[in-house]
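A.B. asks: Before anything else, here's the structure in question.
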Amino acid sequence: MTTGIVVLSIVGYLALLAPSAWLAVTRKRTLTGPPAVPGEPGLLEVAYLRGGPIRVVDTAIARMCEDGRVSVNSSGALKVERAAASNAVERALLARCGADWGTKLYRLRVQLQFDPAVDAVRSSLVKRGLLISRAAEEKWKRAGEVQVCGLVVGGVIALGLLGVPAALPVSIVALVLLAGGIKLRMAYGPGPKPGFTPRGQQFTDRVGKTGPWSVRTSAGHPEGVAGVVAVRDTVGPEPDQPYLHQLRLAVRTRPGTSTTVKTSKSAKSAKSSSSSSSSYSSSSSGGYSCSGASSCSSGSHHSGHSGHSSCSSGSSCSSSSSSCGGGSSCSS
């Protein structure tokens with residue numbers, strides 16, 4: 001066996017064994033973590049485990065609506081009725097309502113889920129040993145990526161040595177190690193969202209199936225409507241509540257649009273109708289046009305020498321390139 005084959009064999013074995021060992025050790029350390037803080041998770045922590053940051057926001061809103069501290073009207077506007085908060089998430093919610101103590105519900109949901117107060121809920125779950133820290137997740141993910149690279153390098157070397165009779169035993173052993181590495185990657189590699197520790201995964205699965213937290217009715221749940229929202233989302237509580245209906249509508253509302261899709265379509269239709277009724281042909285003197293929601297009465301006339309047209313809103317329309325702003329009307 002030549003020196004080159006020996007070197008390739010050593011490199012192949014190292015590429016197959018070392019990264020796989022690192023992945024196994026990293027996984028064990030990540031899932032074990034530091035000693036967990038004793039105690040059971042609270043309301044917002046359960047919400048995070050069951051639905052992530054946005055569930056925490058919905059749970060906080062439901063709790064504050066339930067006890068009358070905030071209200072949500074039929075148009076999806078949230079108003080603070082009593083500025084009182086019992087935790088950091090509720091204080092962040094009140095802070096985002098502004099000086100007038102009000103905001104749109106869908107906008108509040110989008111913004112509040114990225115607040116440091118919500119991130120602190122995750123940190124408390126990491127301390128309880130229910131979630132993996134982001135730093136540990138990144139290290140585990142990096143170990144998985146290195147192991148895949150090692151499998152590729154080792155596999156290429158093993159296949160290349162198959163054509164060398166003297167190195168056939170070496171290549172067969174390398175292929176066996178390659179198969180073992182692939183199996184280890186499937187079993188020990190991080191998933192798309194590792195997140196949970198084994199204890200955290202068990203608690204999350206159990207909380208919705210057994211015990212007091214699994215109750216579907218708000219009257220029988222230890223945390224009321226907010227507790228059912230935390231475990232089962234806004235579709236869970238029985239009987240239903242008006243503010244939960246608005247929360248469900250807020251889920252379907254895209255930021256930057258009107259509160260409902262129907263309202264957005266109506267506004268678009270009204271705008272299109274207004275534009276078509278107030279536009280003029282290019283033959284009018286000086287490109288005169290009425291834009292937005294303006295309307296021109298049939299009695300008004302625009303000739304090349306008519307410089308005395310006026311807008312009923314009080315703004316004057318000149319013959320060169322004047323326009324009537326939204327809401328104004330051009331009359332004779």
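Chain labels follow the order of the structure tokens: the first chain is A, the next B, and so on; residue numbering restarts at 1 in every chain, and ligands are counted from 1 in their shown order.
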Using only C-alpha atoms, find each residue in segment 13-77 of chain A having at least one atom no more than 8 Å away from segment 116-139 of chain A; report its shortest atom-to-atom pair and that distance in Å (one decimal), rows by chain then rising number, as JSON lines.

C.D. replies:
{"residue": "A:Thr26", "atom": "CA", "partner": "A:Lys139", "partner_atom": "CA", "distance": 7.5}
{"residue": "A:Thr30", "atom": "CA", "partner": "A:Ala136", "partner_atom": "CA", "distance": 5.8}
{"residue": "A:Leu31", "atom": "CA", "partner": "A:Ile132", "partner_atom": "CA", "distance": 7.1}
{"residue": "A:Gly33", "atom": "CA", "partner": "A:Gly129", "partner_atom": "CA", "distance": 7.1}
{"residue": "A:Pro34", "atom": "CA", "partner": "A:Gly129", "partner_atom": "CA", "distance": 7.5}
{"residue": "A:Pro35", "atom": "CA", "partner": "A:Gly129", "partner_atom": "CA", "distance": 7.2}
{"residue": "A:Ala36", "atom": "CA", "partner": "A:Arg128", "partner_atom": "CA", "distance": 4.6}
{"residue": "A:Val37", "atom": "CA", "partner": "A:Arg128", "partner_atom": "CA", "distance": 4.5}
{"residue": "A:Pro38", "atom": "CA", "partner": "A:Arg128", "partner_atom": "CA", "distance": 6.7}
{"residue": "A:Gly39", "atom": "CA", "partner": "A:Arg128", "partner_atom": "CA", "distance": 7.7}
{"residue": "A:Pro41", "atom": "CA", "partner": "A:Leu125", "partner_atom": "CA", "distance": 7.7}
{"residue": "A:Leu44", "atom": "CA", "partner": "A:Val121", "partner_atom": "CA", "distance": 7.1}
{"residue": "A:Glu45", "atom": "CA", "partner": "A:Val121", "partner_atom": "CA", "distance": 6.1}
{"residue": "A:Tyr48", "atom": "CA", "partner": "A:Arg122", "partner_atom": "CA", "distance": 7.1}
{"residue": "A:Pro53", "atom": "CA", "partner": "A:Val118", "partner_atom": "CA", "distance": 6.3}
{"residue": "A:Val56", "atom": "CA", "partner": "A:Val118", "partner_atom": "CA", "distance": 7.1}
{"residue": "A:Val57", "atom": "CA", "partner": "A:Val118", "partner_atom": "CA", "distance": 7.9}

A.B. asks: Let me see the file: selected residues, N, CA and C atoms, as a PDB file, in the first residue's frame.

C.D. replies:
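Output contents, as saved in again27.pdb:
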ATOM      1  N   THR A  26     -21.946  17.400  21.239  1.00  0.00           N
ATOM      2  CA  THR A  26     -22.652  18.688  21.250  1.00  0.00           C
ATOM      3  C   THR A  26     -24.124  18.502  21.539  1.00  0.00           C
ATOM      4  N   THR A  30     -26.066  20.050  24.701  1.00  0.00           N
ATOM      5  CA  THR A  30     -27.138  21.002  24.415  1.00  0.00           C
ATOM      6  C   THR A  30     -28.430  20.603  25.097  1.00  0.00           C
ATOM      7  N   LEU A  31     -28.778  19.338  25.016  1.00  0.00           N
ATOM      8  CA  LEU A  31     -30.035  18.886  25.598  1.00  0.00           C
ATOM      9  C   LEU A  31     -29.974  18.775  27.111  1.00  0.00           C
ATOM     10  N   GLY A  33     -27.824  20.723  29.204  1.00  0.00           N
ATOM     11  CA  GLY A  33     -27.823  22.099  29.655  1.00  0.00           C
ATOM     12  C   GLY A  33     -27.467  22.257  31.116  1.00  0.00           C
ATOM     13  N   PRO A  34     -27.575  23.502  31.640  1.00  0.00           N
ATOM     14  CA  PRO A  34     -27.293  23.736  33.061  1.00  0.00           C
ATOM     15  C   PRO A  34     -28.431  23.229  33.928  1.00  0.00           C
ATOM     16  N   PRO A  35     -28.230  23.137  35.230  1.00  0.00           N
ATOM     17  CA  PRO A  35     -29.308  22.700  36.129  1.00  0.00           C
ATOM     18  C   PRO A  35     -30.542  23.583  36.000  1.00  0.00           C
ATOM     19  N   ALA A  36     -31.684  22.951  35.904  1.00  0.00           N
ATOM     20  CA  ALA A  36     -32.929  23.690  35.677  1.00  0.00           C
ATOM     21  C   ALA A  36     -33.405  24.369  36.946  1.00  0.00           C
ATOM     22  N   VAL A  37     -34.025  25.545  36.773  1.00  0.00           N
ATOM     23  CA  VAL A  37     -34.638  26.245  37.890  1.00  0.00           C
ATOM     24  C   VAL A  37     -35.928  25.509  38.260  1.00  0.00           C
ATOM     25  N   PRO A  38     -36.120  25.199  39.518  1.00  0.00           N
ATOM     26  CA  PRO A  38     -37.335  24.450  39.913  1.00  0.00           C
ATOM     27  C   PRO A  38     -38.591  25.289  39.745  1.00  0.00           C
ATOM     28  N   GLY A  39     -39.714  24.610  39.660  1.00  0.00           N
ATOM     29  CA  GLY A  39     -40.996  25.303  39.536  1.00  0.00           C
ATOM     30  C   GLY A  39     -41.661  25.026  38.208  1.00  0.00           C
ATOM     31  N   PRO A  41     -43.997  26.215  34.868  1.00  0.00           N
ATOM     32  CA  PRO A  41     -44.141  27.426  34.046  1.00  0.00           C
ATOM     33  C   PRO A  41     -45.427  28.176  34.362  1.00  0.00           C
ATOM     34  N   LEU A  44     -47.754  32.907  30.739  1.00  0.00           N
ATOM     35  CA  LEU A  44     -47.097  33.348  29.521  1.00  0.00           C
ATOM     36  C   LEU A  44     -46.022  32.361  29.065  1.00  0.00           C
ATOM     37  N   GLU A  45     -45.423  31.661  30.012  1.00  0.00           N
ATOM     38  CA  GLU A  45     -44.436  30.638  29.638  1.00  0.00           C
ATOM     39  C   GLU A  45     -45.108  29.461  28.936  1.00  0.00           C
ATOM     40  N   TYR A  48     -45.819  30.533  25.431  1.00  0.00           N
ATOM     41  CA  TYR A  48     -44.634  30.493  24.563  1.00  0.00           C
ATOM     42  C   TYR A  48     -44.333  29.066  24.119  1.00  0.00           C
ATOM     43  N   PRO A  53     -43.765  33.368  20.385  1.00  0.00           N
ATOM     44  CA  PRO A  53     -43.969  34.760  20.817  1.00  0.00           C
ATOM     45  C   PRO A  53     -45.364  35.299  20.537  1.00  0.00           C
ATOM     46  N   VAL A  56     -47.857  34.379  23.105  1.00  0.00           N
ATOM     47  CA  VAL A  56     -47.677  35.169  24.329  1.00  0.00           C
ATOM     48  C   VAL A  56     -48.446  36.483  24.217  1.00  0.00           C
ATOM     49  N   VAL A  57     -48.347  37.128  23.064  1.00  0.00           N
ATOM     50  CA  VAL A  57     -49.044  38.393  22.844  1.00  0.00           C
ATOM     51  C   VAL A  57     -50.557  38.194  22.915  1.00  0.00           C
TER      52      VAL A  57
END

A.B. asks: Would you list the contacts of Val231 of chain A as a list in words, taking every protein, DNA or RNA residue within 10 Å and counting only C-alpha atoms, but skipping same-chain residues closer than 4 positions in sequence?

C.D. replies: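 Answer for this query is Leu43, Val46, Ala47, Tyr48, Leu49, Arg50, Gly51, Arg55, Thr59, Thr204, Val207, Gly208, Lys209, Trp213, Ser214, Val215, Arg216, Ala226, Gly227, Gly236 and Pro237 of chain A.
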
A.B. asks: Write the residues of the preceding selection, restricted to C-alpha atoms, as a short mmCIF file (atom, residue, chain, number, x, y, z; two decimals), in the first residue's frame.

C.D. replies:
data_model
loop_
_atom_site.label_atom_id
_atom_site.label_comp_id
_atom_site.auth_asym_id
_atom_site.auth_seq_id
_atom_site.Cartn_x
_atom_site.Cartn_y
_atom_site.Cartn_z
CA LEU A 43 -49.28 31.51 32.02
CA VAL A 46 -47.02 28.01 28.74
CA ALA A 47 -48.19 30.26 25.92
CA TYR A 48 -44.63 30.49 24.56
CA LEU A 49 -44.17 26.74 24.70
CA ARG A 50 -47.45 26.11 22.90
CA GLY A 51 -47.30 28.83 20.25
CA ARG A 55 -49.16 33.24 21.41
CA THR A 59 -52.58 35.53 25.77
CA THR A 204 -45.66 20.91 26.03
CA VAL A 207 -50.20 20.27 29.03
CA GLY A 208 -52.80 20.15 26.27
CA LYS A 209 -53.92 16.58 27.00
CA TRP A 213 -54.46 23.19 31.69
CA SER A 214 -56.20 20.92 29.17
CA VAL A 215 -59.70 22.20 30.07
CA ARG A 216 -61.40 23.83 27.07
CA ALA A 226 -56.31 33.58 28.82
CA GLY A 227 -55.34 30.09 29.93
CA GLY A 236 -60.11 27.28 21.86
CA PRO A 237 -62.10 29.11 24.56
#

A.B. asks: List every residue of segment 2-210 of chain A that DSSP, applied to the backbone, labels as alpha helix (DSSP H), and write the result as an NGL selection string.

C.D. replies: :A and (3-32 or 43-66 or 88-95 or 105-112 or 116-127 or 134-161 or 168-188 or 198-207)

A.B. asks: Fewer than 5 positions away in the same chain doesn't count, so skip those; otherwise give me all residues within 9 Å of Arg109 of chain A, counting only C-alpha atoms, as a PyMOL selection string.

C.D. replies: chain A and resi 54+57-58+61+104+247+250-251

A.B. asks: Taking only C-alpha atoms into account, name the residue in A:Gly52, A:Val152, A:Val176, A:Leu93 that is nearest to Phe196 of chain A.

C.D. replies: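 Looking only at the distances to Phe196 of chain A, the closest residue turns out to be A:Gly52.
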
A.B. asks: Just the number, please: distance in Å from atom CA of Cys149 of chain A to atom CA of Pro198 of chain A, one decimal.

C.D. replies: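 It comes out at 27.4 Å.
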
A.B. asks: Would you mind telling me which residue in A:Gly76, A:Arg91, A:Arg27, A:Thr32 lies nearest to Ala60 of chain A when using only C-alpha atoms?

C.D. replies: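 Of A:Gly76, A:Arg91, A:Arg27, A:Thr32, the one nearest Ala60 of chain A, counting only C-alpha atoms, is A:Arg91.
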
A.B. asks: Which residues come within 9 Å of Gly68 of chain A, counting only C-alpha atoms, excluding same-chain residues fewer than 5 positions away, as a PyMOL selection string?

C.D. replies: chain A and resi 63+80-82

A.B. asks: Run DSSP on the backbone and grab whatever in segment 68-236 of chain A lands in strand (DSSP E or B); send it over as an MDAnalysis selection string.

C.D. replies: chainID A and resid 70:72 77:80 102:104 131 196 217

A.B. asks: If you count only C-alpha atoms, which residues fall within 7 Å of segment 21-24 of chain A, apart from same-chain ones fewer than 5 positions away, as a ChimeraX atom specification?

C.D. replies: /A:143-144,147,188

A.B. asks: Hey, what's within 7 Å of Gly181 of chain A if we count only C-alpha atoms and toss same-chain stuff fewer than 4 positions away? As a list in words, please?

C.D. replies: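 The filter keeps Leu16, Ser20, Leu151, Leu177 and Arg185 of chain A.
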
A.B. asks: So how far away is atom CA of Gly180 of chain A from atom CA of Gly4 of chain A, in Å?

C.D. replies: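 Atom CA of Gly4 of chain A sits 25.3 Å away from atom CA of Gly180 of chain A.
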